[in-house]
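Peer 1: Below is input19.txt; it holds compact mmCIF, C-alpha atoms.
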```txt
# COMPACT_ATOMS: atom_id res chain seq x y z
CA MET A 1 21.58 129.55 119.85
CA ALA A 2 25.03 131.16 119.87
CA GLY A 3 25.50 133.91 117.30
CA ASN A 4 23.69 136.97 116.01
CA TRP A 5 19.95 137.37 115.50
CA SER A 6 17.73 140.19 114.22
CA GLY A 7 14.04 140.90 113.79
CA GLY A 8 11.24 142.89 115.29
CA GLY A 9 7.95 142.94 117.07
CA THR A 10 5.92 145.17 119.33
CA VAL A 11 6.44 146.78 122.70
CA THR A 12 3.52 147.66 124.97
CA LEU A 13 4.21 150.78 127.03
CA ASP A 14 3.00 151.59 130.53
CA ASP A 15 0.03 153.59 129.19
CA GLY A 16 -1.12 150.58 127.14
CA SER A 17 -0.05 151.95 123.77
CA THR A 18 1.98 149.75 121.43
CA GLU A 19 4.85 150.52 119.08
CA ARG A 20 6.70 148.47 116.51
CA ILE A 21 10.32 147.74 117.45
CA ARG A 22 13.40 146.49 115.61
CA CYS A 23 15.78 144.26 117.53
CA ARG A 24 19.27 142.76 117.40
CA ALA A 25 20.43 139.99 119.68
CA SER A 26 23.73 138.23 120.23
CA TYR A 27 24.44 135.18 122.35
CA ALA A 28 27.75 133.65 123.40
CA VAL A 29 28.05 130.29 125.12
CA GLY A 30 30.67 129.93 127.83
CA ALA A 31 31.45 128.17 131.12
CA GLY A 32 31.99 124.82 129.42
CA GLY A 33 28.63 125.02 127.67
CA THR A 34 26.58 125.82 130.78
CA GLY A 35 26.84 129.63 130.59
CA LEU A 36 25.20 132.11 128.25
CA ASN A 37 25.93 135.81 127.73
CA LEU A 38 23.13 137.66 126.00
CA ASN A 39 22.65 141.12 124.53
CA LEU A 40 19.24 142.26 123.27
CA LEU A 41 18.93 145.77 121.84
CA CYS A 42 15.49 146.95 120.68
CA ALA A 43 14.25 150.37 119.58
CA SER A 44 11.18 152.10 118.19
CA ASP A 45 10.73 155.76 117.29
CA SER A 46 10.29 156.73 120.95
CA TYR A 47 11.39 153.74 123.04
CA LYS A 48 14.62 151.80 123.50
CA PHE A 49 15.90 149.03 125.72
CA ASP A 50 19.36 147.51 125.94
CA LEU A 51 19.15 144.24 127.88
CA ARG A 52 22.28 142.30 128.83
CA GLY A 53 22.47 139.15 130.88
CA ASN A 54 24.69 136.36 132.09
CA VAL A 55 23.01 133.04 132.82
CA VAL A 56 24.33 129.71 134.10
CA ALA A 57 22.43 126.43 133.76
CA ASP A 58 22.61 123.63 136.32
CA HIS A 59 20.46 120.59 135.45
CA GLY A 60 17.77 122.77 133.87
CA ALA A 61 17.79 125.43 136.60
CA LEU A 62 18.87 128.88 135.38
CA SER A 63 20.35 131.68 137.46
CA GLY A 64 22.29 134.82 136.75
CA SER A 65 22.25 138.57 136.47
CA TRP A 66 20.90 141.14 134.04
CA SER A 67 21.13 144.86 133.35
CA GLU A 68 19.26 147.38 131.26
CA ALA A 69 21.78 150.03 130.19
CA SER A 70 19.50 152.89 129.11
CA ARG A 71 17.77 152.95 132.54
CA GLY A 72 20.70 151.89 134.71
CA ILE A 73 18.83 148.91 136.22
CA THR A 74 20.49 145.69 137.38
CA GLY A 75 18.99 142.59 138.90
CA SER A 76 18.90 138.82 139.10
CA LEU A 77 17.52 136.07 136.87
CA GLU A 78 16.04 132.74 137.89
CA GLY A 79 14.15 130.13 135.95
CA ARG A 80 14.23 126.90 134.00
CA GLY A 81 15.33 125.91 130.54
CA THR A 82 15.61 122.85 128.34
CA ASN A 83 15.66 122.05 124.63
CA GLY A 84 15.54 125.66 123.43
CA ASN A 85 12.71 126.72 125.81
CA PHE A 86 13.56 129.13 128.61
CA GLN A 87 11.21 130.55 131.26
CA VAL A 88 12.91 133.20 133.39
CA VAL A 89 11.90 135.76 136.01
CA ALA A 90 14.02 138.94 135.98
CA SER A 91 13.90 140.86 139.27
CA ALA A 92 15.27 144.20 140.47
CA ALA A 93 14.23 146.73 143.11
CA GLY A 94 10.64 147.66 142.23
CA PHE A 95 10.60 145.63 139.00
CA THR A 96 9.77 142.07 138.00
CA ALA A 97 9.36 140.67 134.48
CA ASN A 98 8.66 137.23 133.07
CA LEU A 99 10.68 136.26 130.00
CA THR A 100 9.97 133.37 127.69
CA LEU A 101 12.53 132.55 125.02
CA THR A 102 11.92 129.78 122.48
CA THR A 103 14.41 128.77 119.81
CA ARG A 104 13.53 126.46 116.90
CA GLY A 105 16.26 126.16 114.28
CA ASN A 106 16.96 129.62 112.85
CA ARG A 107 13.89 131.25 114.46
CA GLN A 108 13.51 132.62 117.94
CA SER A 109 10.62 134.09 119.90
CA VAL A 110 11.10 136.37 122.91
CA VAL A 111 8.13 137.39 125.06
CA ILE A 112 8.57 139.79 128.00
CA ARG A 113 5.74 140.61 130.41
CA ALA A 114 6.06 143.18 133.22
CA GLU A 115 3.79 145.18 135.51
CA THR A 116 5.74 148.45 135.70
CA GLY A 117 7.96 150.58 133.46
CA PHE A 118 6.55 148.94 130.38
CA ARG A 119 4.02 146.18 130.02
CA GLY A 120 6.02 143.95 127.73
CA ALA A 121 7.33 143.03 124.32
CA THR A 122 6.78 140.32 121.76
CA ILE A 123 9.75 139.80 119.46
CA SER A 124 10.48 137.41 116.57
CA LEU A 125 14.13 136.95 115.58
CA SER A 126 15.96 135.11 112.82
CA ARG A 127 19.58 134.01 112.82
CA VAL A 128 21.79 136.39 110.83
```
How does the structure come out when it is put into structure tokens?
Peer 2:
Amino acid sequence: MAGNWSGGGTVTLDDGSTERIRCRASYAVGAGGTGLNLNLLCASDSYKFDLRGNVVADHGALSGSWSEASRGITGSLEGRGTNGNFQVVASAAGFTANLTLTTRGNRQSVVIRAETGFRGATISLSRV
């Protein structure tokens, strides 16, 4: 999973409209193999998000922190992950999103679902 990824998908905005997005992701493994630093930058013609996170795994349980730079939001992450499948809830004041990340070889799928701010995103990435 470590390394650089790129691809695209769609983002669903708060009003229900959708836009195509292009994305770049980078992942770095640390903390003796149990930590992961992630950066996910996605943009369309009118929408952008810059998601960064630090996650630590402990026997399949995930915890950590995240931030979204363009909106100045920070929060916590909790979830589970094994064998390239991660299910995480990202929380902040007034915001909660469910993230599913699946990695199979050189392909990765990221699905984000939220109730406020934006409804979500579906992203397909390939290792660069």
Peer 1: Write out as a list in words each polymer residue whose atoms come within 12 Å of Asp15 in chain A, counting only C-alpha atoms; drop sequence neighbours fewer than 6 positions from it.
Peer 2: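 Listed by chain and then number, they are Glu115, Thr116, Gly117, Phe118, Arg119 and Gly120 of chain A.
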Peer 1: Mind dumping the selected residues with C-alpha atoms as an mmCIF file, in the coordinates of the input?
Peer 2:
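Once everything was written out, this is result.cif:
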```
data_model
loop_
_atom_site.group_PDB
_atom_site.id
_atom_site.type_symbol
_atom_site.label_atom_id
_atom_site.label_comp_id
_atom_site.auth_asym_id
_atom_site.auth_seq_id
_atom_site.Cartn_x
_atom_site.Cartn_y
_atom_site.Cartn_z
ATOM 1 C CA GLU A 115 3.790 145.180 135.510
ATOM 2 C CA THR A 116 5.740 148.450 135.700
ATOM 3 C CA GLY A 117 7.960 150.580 133.460
ATOM 4 C CA PHE A 118 6.550 148.940 130.380
ATOM 5 C CA ARG A 119 4.020 146.180 130.020
ATOM 6 C CA GLY A 120 6.020 143.950 127.730
#
```
Peer 1: Kindly indicate which residue among A:Gly9, A:Ala90, A:Val55, A:Asp50 lies nearest to Gly72 in chain A, using only C-alpha atoms for the distances.
Peer 2: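 Of all the options, A:Asp50 lies closest to Gly72 in chain A.
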Peer 1: If we count only C-alpha atoms, what is near Val89 in chain A at a cut-off of 7 Å, once residues fewer than 3 positions away on the same chain are taken out, given as a list in words?
Peer 2: Leu77, Glu78, Gly79, Thr96, Ala97, Asn98 and Leu99 of chain A
Peer 1: Could you work out how far CA of Leu62 in chain A lies from CA of Ala2 in chain A, giving the answer in Å with one decimal?
Peer 2: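 CA of Ala2 in chain A sits 16.8 Å away from CA of Leu62 in chain A.
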Peer 1: Select all residues near (17.5, 140.7, 117.4) (cut-off 10 Å, inclusive, file coordinates), counting all atoms listed in the file, and output them as a VMD selection string.
Peer 2: chain A and resid 4 to 9 22 to 26 39 to 42 108 to 110 123 to 128
Peer 1: Report the distance between CA of Ser70 in chain A and CA of Leu101 in chain A in Å, rounded to one decimal place.
Peer 2: 21.9 Å
Peer 1: Applying 7 Å and all atoms listed in the file, which residues near range 30-38 of chain A remain after dropping the ones on its own chain fewer than 5 positions away? List them as a PyMOL selection string.
Peer 2: chain A and resi 52-57
Peer 1: Go ahead and write the selection's residues with C-alpha atoms as a tab-separated table (two decimals), in the coordinates of the input.
Peer 2:
```tsv
chain	number	residue	atom	x	y	z
A	52	ARG	CA	22.28	142.30	128.83
A	53	GLY	CA	22.47	139.15	130.88
A	54	ASN	CA	24.69	136.36	132.09
A	55	VAL	CA	23.01	133.04	132.82
A	56	VAL	CA	24.33	129.71	134.10
A	57	ALA	CA	22.43	126.43	133.76
```
Peer 1: What's the separation between CA of Trp66 in chain A and CA of Arg113 in chain A, in Å to one decimal place?
Peer 2: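 Result for CA of Trp66 in chain A versus CA of Arg113 in chain A: 15.6 Å, one decimal.
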Peer 1: Determine the nearest neighbour of Arg80 in chain A from the options A:Ser65, A:Thr122, A:Thr100, A:Ser44, counting only C-alpha atoms.
Peer 2: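 Ranking A:Ser65, A:Thr122, A:Thr100, A:Ser44 by distance to Arg80 in chain A, first place goes to A:Thr100.
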Peer 1: Rank A:Gly75, A:Gly81, A:Gly16, A:Gly64 by their smallest atom-to-atom distance to Gly94 in chain A, using all atoms listed in the file, and report the top residue only.
Peer 2: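 Closest to Gly94 in chain A, using all atoms listed in the file: A:Gly75.
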Peer 1: So, with all atoms listed in the file as the atoms that count, which of A:Ala61, A:Arg71, A:Gly84, A:Thr18 lies closest to Lys48 in chain A?
Peer 2: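 Using all atoms listed in the file, Lys48 in chain A sits closest to A:Arg71.
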